[in-house]
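What follows is the content of coords.cif, which has mmCIF, C-alpha atoms and all ligand atoms:
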```
data_coords
#
loop_
_atom_site.label_atom_id
_atom_site.label_comp_id
_atom_site.auth_asym_id
_atom_site.auth_seq_id
_atom_site.Cartn_x
_atom_site.Cartn_y
_atom_site.Cartn_z
CA MET I 24 106.72 99.20 124.01
CA ASP I 25 105.48 98.18 120.56
CA ASP I 26 106.19 94.54 121.38
CA ILE I 27 104.14 94.67 124.58
CA LEU I 28 101.22 96.33 122.80
CA GLN I 29 101.44 93.80 119.98
CA LYS I 30 101.16 90.98 122.54
CA LEU I 31 98.21 92.62 124.29
CA LEU I 32 96.34 93.39 121.09
CA PRO I 33 97.76 91.27 118.28
CA MET I 34 97.40 92.83 114.84
CA GLN I 35 98.84 91.74 111.52
CA PRO I 36 102.50 92.77 111.27
CA LEU I 37 102.56 96.27 109.85
CA ALA I 38 103.98 96.71 106.34
CA SER I 39 103.39 100.38 105.51
CA VAL I 40 104.74 103.74 106.68
CA GLU I 41 101.32 105.33 107.20
CA GLY I 42 100.00 102.41 109.24
CA LYS I 43 102.07 103.36 112.30
CA ASP I 44 99.81 106.26 113.32
CA ASN I 45 96.80 104.10 112.59
CA ASP I 46 98.06 101.49 115.06
CA THR I 47 98.78 104.12 117.72
CA LEU I 48 95.19 105.35 117.41
CA MET I 49 93.92 101.79 117.54
CA TYR I 50 95.82 101.08 120.78
CA LEU I 51 94.60 104.33 122.37
CA ILE I 52 90.96 103.64 121.51
CA HIS I 53 91.19 100.07 122.77
CA GLY I 54 92.92 101.33 125.93
CA LEU I 55 90.09 103.77 126.65
CA VAL I 56 87.44 101.16 125.92
CA LEU I 57 89.22 98.68 128.22
CA ILE I 58 89.22 101.23 131.07
CA LEU I 59 85.53 101.96 130.47
CA PHE I 60 84.72 98.26 130.37
CA VAL I 61 86.49 97.54 133.67
CA GLY I 62 84.97 100.64 135.27
CA TRP I 63 81.44 99.80 134.22
CA ALA I 64 81.87 96.15 135.25
CA ILE I 65 82.98 97.19 138.77
CA TYR I 66 80.12 99.68 139.05
CA TYR I 67 77.62 97.04 137.90
CA ILE I 68 78.82 94.50 140.48
CA VAL I 69 78.77 97.11 143.29
CA VAL I 70 75.20 98.10 142.36
CA LEU I 71 74.08 94.48 142.22
CA ILE I 72 75.40 93.82 145.73
CA LYS I 73 74.47 97.14 147.30
CA PHE I 74 70.91 97.26 146.00
CA ARG I 75 70.02 93.59 146.10
CA GLN I 76 66.55 92.63 147.30
CA LYS I 77 66.26 92.97 151.06
CA LYS I 78 63.38 93.18 153.53
CA ASN I 79 61.90 96.59 154.43
CA VAL I 80 63.84 98.58 151.90
CA LYS I 81 62.94 102.26 151.94
CA VAL I 82 62.94 104.11 148.65
CA VAL I 83 64.78 107.43 148.73
CA HIS I 84 63.03 109.96 146.50
CA SER I 85 65.57 112.76 146.76
CA HIS I 86 67.86 113.56 143.85
CA THR I 87 71.26 111.95 143.63
CA PRO I 88 73.76 114.38 145.10
CA HIS I 89 76.64 115.68 143.00
CA LEU I 90 79.04 112.80 143.10
CA ILE I 91 82.38 111.72 141.76
CA SER I 92 80.53 110.03 138.86
CA SER I 93 79.94 113.33 137.09
CA TYR I 94 83.66 114.16 137.24
CA VAL I 95 84.44 110.73 135.78
CA GLU I 96 82.00 111.39 132.93
CA TRP I 97 83.80 114.64 132.15
CA VAL I 98 87.17 112.89 132.11
CA VAL I 99 85.80 110.39 129.57
CA VAL I 100 84.43 113.22 127.42
CA VAL I 101 87.80 115.01 127.49
CA ILE I 102 89.66 111.82 126.51
CA GLU I 103 87.24 111.23 123.64
CA PHE I 104 87.77 114.79 122.43
CA LEU I 105 91.53 114.27 122.59
CA LEU I 106 91.27 111.05 120.58
CA LEU I 107 89.29 112.85 117.92
CA PHE I 108 91.08 116.20 117.74
CA ALA I 109 94.62 115.29 118.81
CA PHE I 110 94.92 111.95 116.99
CA SER I 111 92.21 111.05 114.44
CA ILE I 112 91.87 114.37 112.60
CA PRO I 113 95.64 115.10 112.44
CA PHE I 114 96.17 111.49 111.28
CA TRP I 115 93.68 112.04 108.47
CA ALA I 116 95.19 115.42 107.57
CA VAL I 117 98.73 113.99 107.36
CA HIS I 118 98.04 110.73 105.58
CA GLN I 119 94.81 111.00 103.62
CA ALA I 120 94.03 114.65 102.85
CA GLY I 121 95.04 115.78 99.37
CA MET I 122 96.66 113.39 96.92
CA PRO I 123 100.25 112.18 96.81
CA GLU I 124 102.14 113.81 93.98
CA GLY I 125 105.60 113.74 92.50
CA LYS I 126 107.98 111.33 90.85
CA ASN I 127 108.11 108.95 93.78
CA VAL I 128 104.45 107.99 93.35
CA LEU I 129 103.40 104.93 91.40
CA GLU I 130 99.84 104.85 90.13
CA VAL I 131 98.08 101.52 89.87
CA ARG I 132 94.51 101.24 88.62
CA VAL I 133 92.28 98.56 90.06
CA VAL I 134 88.90 97.63 88.63
CA ALA I 135 86.88 95.43 90.94
CA GLN I 136 84.31 92.96 89.66
CA GLN I 137 82.41 89.99 90.97
CA PHE I 138 84.72 88.32 92.06
CA ALA I 139 88.19 89.46 91.09
CA TRP I 140 90.62 92.37 91.08
CA ASN I 141 91.73 93.62 87.66
CA VAL I 142 95.00 95.49 87.98
CA ARG I 143 96.59 97.84 85.49
CA TYR I 144 99.98 99.57 85.25
CA ALA I 145 101.04 102.29 82.85
CA GLY I 146 104.14 100.33 81.82
CA PRO I 147 107.57 101.81 80.99
CA SER I 148 106.07 104.84 79.15
CA GLY I 149 104.25 105.95 82.28
CA LYS I 150 101.09 106.63 80.28
CA PHE I 151 97.72 105.00 80.76
CA GLY I 152 95.89 104.49 77.47
CA ARG I 153 92.17 105.08 77.01
CA SER I 154 89.68 102.60 78.34
CA SER I 155 85.98 102.31 77.76
CA ALA I 156 83.10 100.00 78.65
CA ARG I 157 82.78 99.34 74.87
CA PHE I 158 85.91 97.22 74.93
CA LEU I 159 85.05 95.15 77.98
CA ASP I 160 84.17 92.21 75.71
CA ASP I 161 87.72 92.27 74.30
CA ASN I 162 89.64 92.54 77.55
CA PRO I 163 88.66 92.65 81.23
CA MET I 164 89.67 96.28 81.72
CA GLY I 165 88.20 97.67 78.51
CA LEU I 166 91.50 98.95 77.10
CA ASP I 167 91.06 100.65 73.73
CA PRO I 168 93.14 98.57 71.25
CA HIS I 169 93.49 101.59 68.91
CA ASP I 170 95.24 103.76 71.50
CA PRO I 171 99.04 103.47 71.15
CA ASP I 172 99.44 104.40 74.83
CA ASN I 173 97.85 101.06 75.70
CA LYS I 174 100.59 99.12 73.94
CA ASP I 175 102.88 98.89 76.95
CA ASN I 176 100.20 98.91 79.64
CA ILE I 177 100.29 95.88 81.88
CA THR I 178 97.24 94.11 83.23
CA THR I 179 97.12 91.38 85.82
CA MET I 180 94.42 89.69 87.80
CA ASN I 181 94.45 89.38 91.59
CA GLN I 182 98.13 90.26 91.74
CA ILE I 183 99.69 93.62 92.51
CA TYR I 184 103.45 94.07 92.35
CA LEU I 185 104.82 97.05 94.25
CA PRO I 186 108.34 98.35 94.79
CA ILE I 187 109.37 98.88 98.40
CA ASN I 188 109.53 102.41 99.86
CA LYS I 189 107.59 103.99 97.02
CA THR I 190 104.20 105.57 97.62
CA VAL I 191 101.52 103.82 95.60
CA LEU I 192 98.33 105.58 94.59
CA ILE I 193 95.59 103.07 93.89
CA THR I 194 92.72 104.29 91.75
CA LEU I 195 89.64 102.20 92.34
CA THR I 196 86.55 101.64 90.20
CA SER I 197 83.94 98.91 90.01
CA LYS I 198 82.33 97.12 87.09
CA ASP I 199 79.28 95.97 88.96
CA VAL I 200 78.47 96.31 92.67
CA ILE I 201 80.06 97.88 95.75
CA HIS I 202 83.33 96.24 96.73
CA SER I 203 85.95 97.31 99.24
CA PHE I 204 89.71 97.21 98.79
CA GLY I 205 91.04 95.81 102.05
CA LEU I 206 94.74 95.41 102.68
CA PRO I 207 95.09 94.80 106.42
CA ALA I 208 98.90 94.64 106.49
CA MET I 209 99.03 98.22 105.11
CA ARG I 210 96.06 99.31 107.29
CA VAL I 211 94.15 100.21 104.15
CA LYS I 212 90.45 99.88 103.46
CA GLN I 213 88.53 101.78 100.82
CA ASP I 214 85.05 101.26 99.41
CA ILE I 215 84.68 100.99 95.64
CA ILE I 216 81.40 102.42 94.39
CA PRO I 217 80.01 101.77 90.90
CA GLY I 218 80.07 105.01 88.90
CA MET I 219 82.65 106.63 91.17
CA THR I 220 86.43 106.75 91.26
CA THR I 221 87.96 106.45 94.70
CA HIS I 222 91.60 106.56 95.74
CA VAL I 223 93.77 105.18 98.46
CA TRP I 224 97.51 105.43 98.98
CA PHE I 225 100.23 103.98 101.17
CA THR I 226 103.96 103.34 101.19
CA PRO I 227 104.95 99.70 101.60
CA ASN I 228 108.08 99.36 103.73
CA LYS I 229 108.44 95.62 104.19
CA LEU I 230 109.21 93.01 101.54
CA GLY I 231 106.75 90.13 101.34
CA GLN I 232 103.32 88.96 100.25
CA TYR I 233 100.14 90.44 101.66
CA GLU I 234 96.51 89.52 101.22
CA ILE I 235 93.96 91.77 99.56
CA ALA I 236 90.48 90.81 100.71
CA CYS I 237 87.25 92.31 99.48
CA SER I 238 85.77 93.85 102.64
CA GLN I 239 82.23 94.41 101.41
CA LEU I 240 79.79 91.55 100.95
CA CYS I 241 79.44 91.69 97.17
CA GLY I 242 77.70 88.44 96.21
CA VAL I 243 77.89 84.68 96.53
CA GLY I 244 81.54 84.53 95.50
CA HIS I 245 82.62 87.30 97.88
CA TYR I 246 84.68 84.87 99.97
CA ARG I 247 86.95 84.08 97.05
CA MET I 248 87.52 87.69 95.99
CA ARG I 249 91.11 87.69 97.15
CA GLY I 250 94.35 88.90 95.75
CA ILE I 251 97.99 89.21 96.69
CA VAL I 252 100.23 92.24 96.95
CA TYR I 253 103.89 91.40 96.34
CA VAL I 254 106.27 93.99 97.75
CA VAL I 255 109.59 93.59 95.94
CA SER I 256 112.82 95.56 95.53
CA GLN I 257 112.89 98.40 92.99
CA GLY I 258 115.22 96.30 90.80
CA ASP I 259 112.88 93.31 90.78
CA PHE I 260 109.94 95.59 90.11
CA ASP I 261 111.62 97.24 87.09
CA GLN I 262 112.48 93.81 85.75
CA TRP I 263 108.90 92.64 86.20
CA ILE I 264 107.61 95.70 84.33
CA GLN I 265 110.00 95.03 81.44
CA GLN I 266 109.05 91.36 81.26
CA ASN I 267 105.30 91.94 81.32
CA LYS I 268 104.74 95.09 79.29
CA GLY I 269 102.11 94.79 76.62
CA ILE I 270 100.58 91.58 77.89
CA HIS I 271 96.82 91.79 78.19
CA ASP I 272 95.09 88.72 79.42
CU CU U 1 83.88 92.23 96.30
#
```

Kindly transcribe the structure held in the file into structure tokens.
Ligand SMILES: [Cu+2]
Amino acid sequence: MDDILQKLLPMQPLASVEGKDNDTLMYLIHGLVLILFVGWAIYYIVVLIKFRQKKNVKVVHSHTPHLISSYVEWVVVVIEFLLLFAFSIPFWAVHQAGMPEGKNVLEVRVVAQQFAWNVRYAGPSGKFGRSSARFLDDNPMGLDPHDPDNKDNITTMNQIYLPINKTVLITLTSKDVIHSFGLPAMRVKQDIIPGMTTHVWFTPNKLGQYEIACSQLCGVGHYRMRGIVYVVSQGDFDQWIQQNKGIHD
């Protein structure tokens, strides 16, 4: 079934656990819209033929009698209600309400700027050191050099390494304007607003490389505000953390 749907409505191959429900909803909405489109197109053609300009046409001033059309309208309303209450809201409640907690959650902090993604990991200690706008001249994420917790923090630019099958919580902030963290393969998109902290989370379940694209027009260099998410095995990820701890560039 999934294969047939994928052929009918090709989407990027899915690489996250949470994206499955998102795709189901997407197919259902497109299915309804397709039915509406075909229905309206048929109605339009029938009307064009039936009421085309003819000689001696008499206008009927009586009201339209109660017809099948009103039942069809109600069916559409019911389907739309189902999409909202049976799929969209439960989907949101399951995957995006609350915050993921526990040991199996990796936090990654991302600071967006024109036109790059600054990425930060807590490192082996699991602690994020202080950061402040005062230190932005020293390093792109403003890490406080006097805080010992910053010593093993890892920063990268436009590259996010993630272990497979582990939920990642991405904390998003912006240095300048509104950006949007778009990761189509994970079915993730979240606006980043200056002065606010926003979050998004997902669980990658396929090894590989996936594109991060800024999804909000943020200036002349918006087109090149791209990054890559590398989903690797837990072993490779641990090794990467060990090799890169304490490097701030
Ligand atoms: Cu941007």

Separation of CA of Ala139 in chain I and CA of Trp224 in chain I, in Å?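 Distance between the two atoms: 20.1 Å.
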
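Distance check against ligand CU 1 (chain U) using only C-alpha atoms and all ligand atoms: of I:Ala64, I:Ile201, I:Ile251, I:Val98, the minimum falls on I:Ile201.
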
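When all atoms listed in the file are used to compute distances to Ser92 in chain I, the closest of the residues I:Asp214, I:Trp63, I:Pro36, I:Pro171 turns out to be I:Trp63.
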
Within-9 Å residues of ligand CU 1 (chain U), basis only C-alpha atoms and all ligand atoms, as a PyMOL selection string: chain I and resi 135-140+200-204+215+236-242+244-249

If we count all atoms listed in the file, what is near Ile183 in chain I at a cut-off of 9 Å, once residues fewer than 2 positions away on the same chain are taken out, given as a PyMOL selection string? chain I and resi 131+142-143+179-181+185+250-254

Mind checking which residues fall within 6 Å of range 144-161 of chain I, counting all atoms listed in the file, ignoring those fewer than 6 positions away in the same chain, and posting them as a PyMOL selection string? chain I and resi 131+167+172-173+175-177+268

To one decimal place in Å, what is the distance between CA of Ile102 in chain I and CA of Ala38 in chain I?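 It comes out at 29.0 Å.
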
Spatial neighbours of Thr194 in chain I, 8 Å, all atoms listed in the file, chain gap at least 2 places, as a list of chain:residue names: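 Those residues are I:Glu130, I:Val131, I:Arg132, I:Val133, I:Leu192, I:Thr196, I:Thr220, I:Thr221, I:His222, I:Val223.
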
For Arg210 in chain I, list every protein, DNA or RNA residue within 9 Å, evaluated using all atoms listed in the file, and leave out those in the same chain fewer than 5 positions away; present the list as number ranges by chain. I: 37-39, 41-43, 45-46, 205, 225

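Checking I:Val134, I:Met122, I:Val82, I:Val99 one by one against Met219 in chain I, counting all atoms listed in the file, you find the shortest gap at I:Val134.
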
Please measure the separation of CA of Ala208 in chain I and CA of Thr226 in chain I, giving the value in Å to one decimal.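 Computing the Euclidean distance for CA of Ala208 in chain I and CA of Thr226 in chain I yields 11.4 Å.
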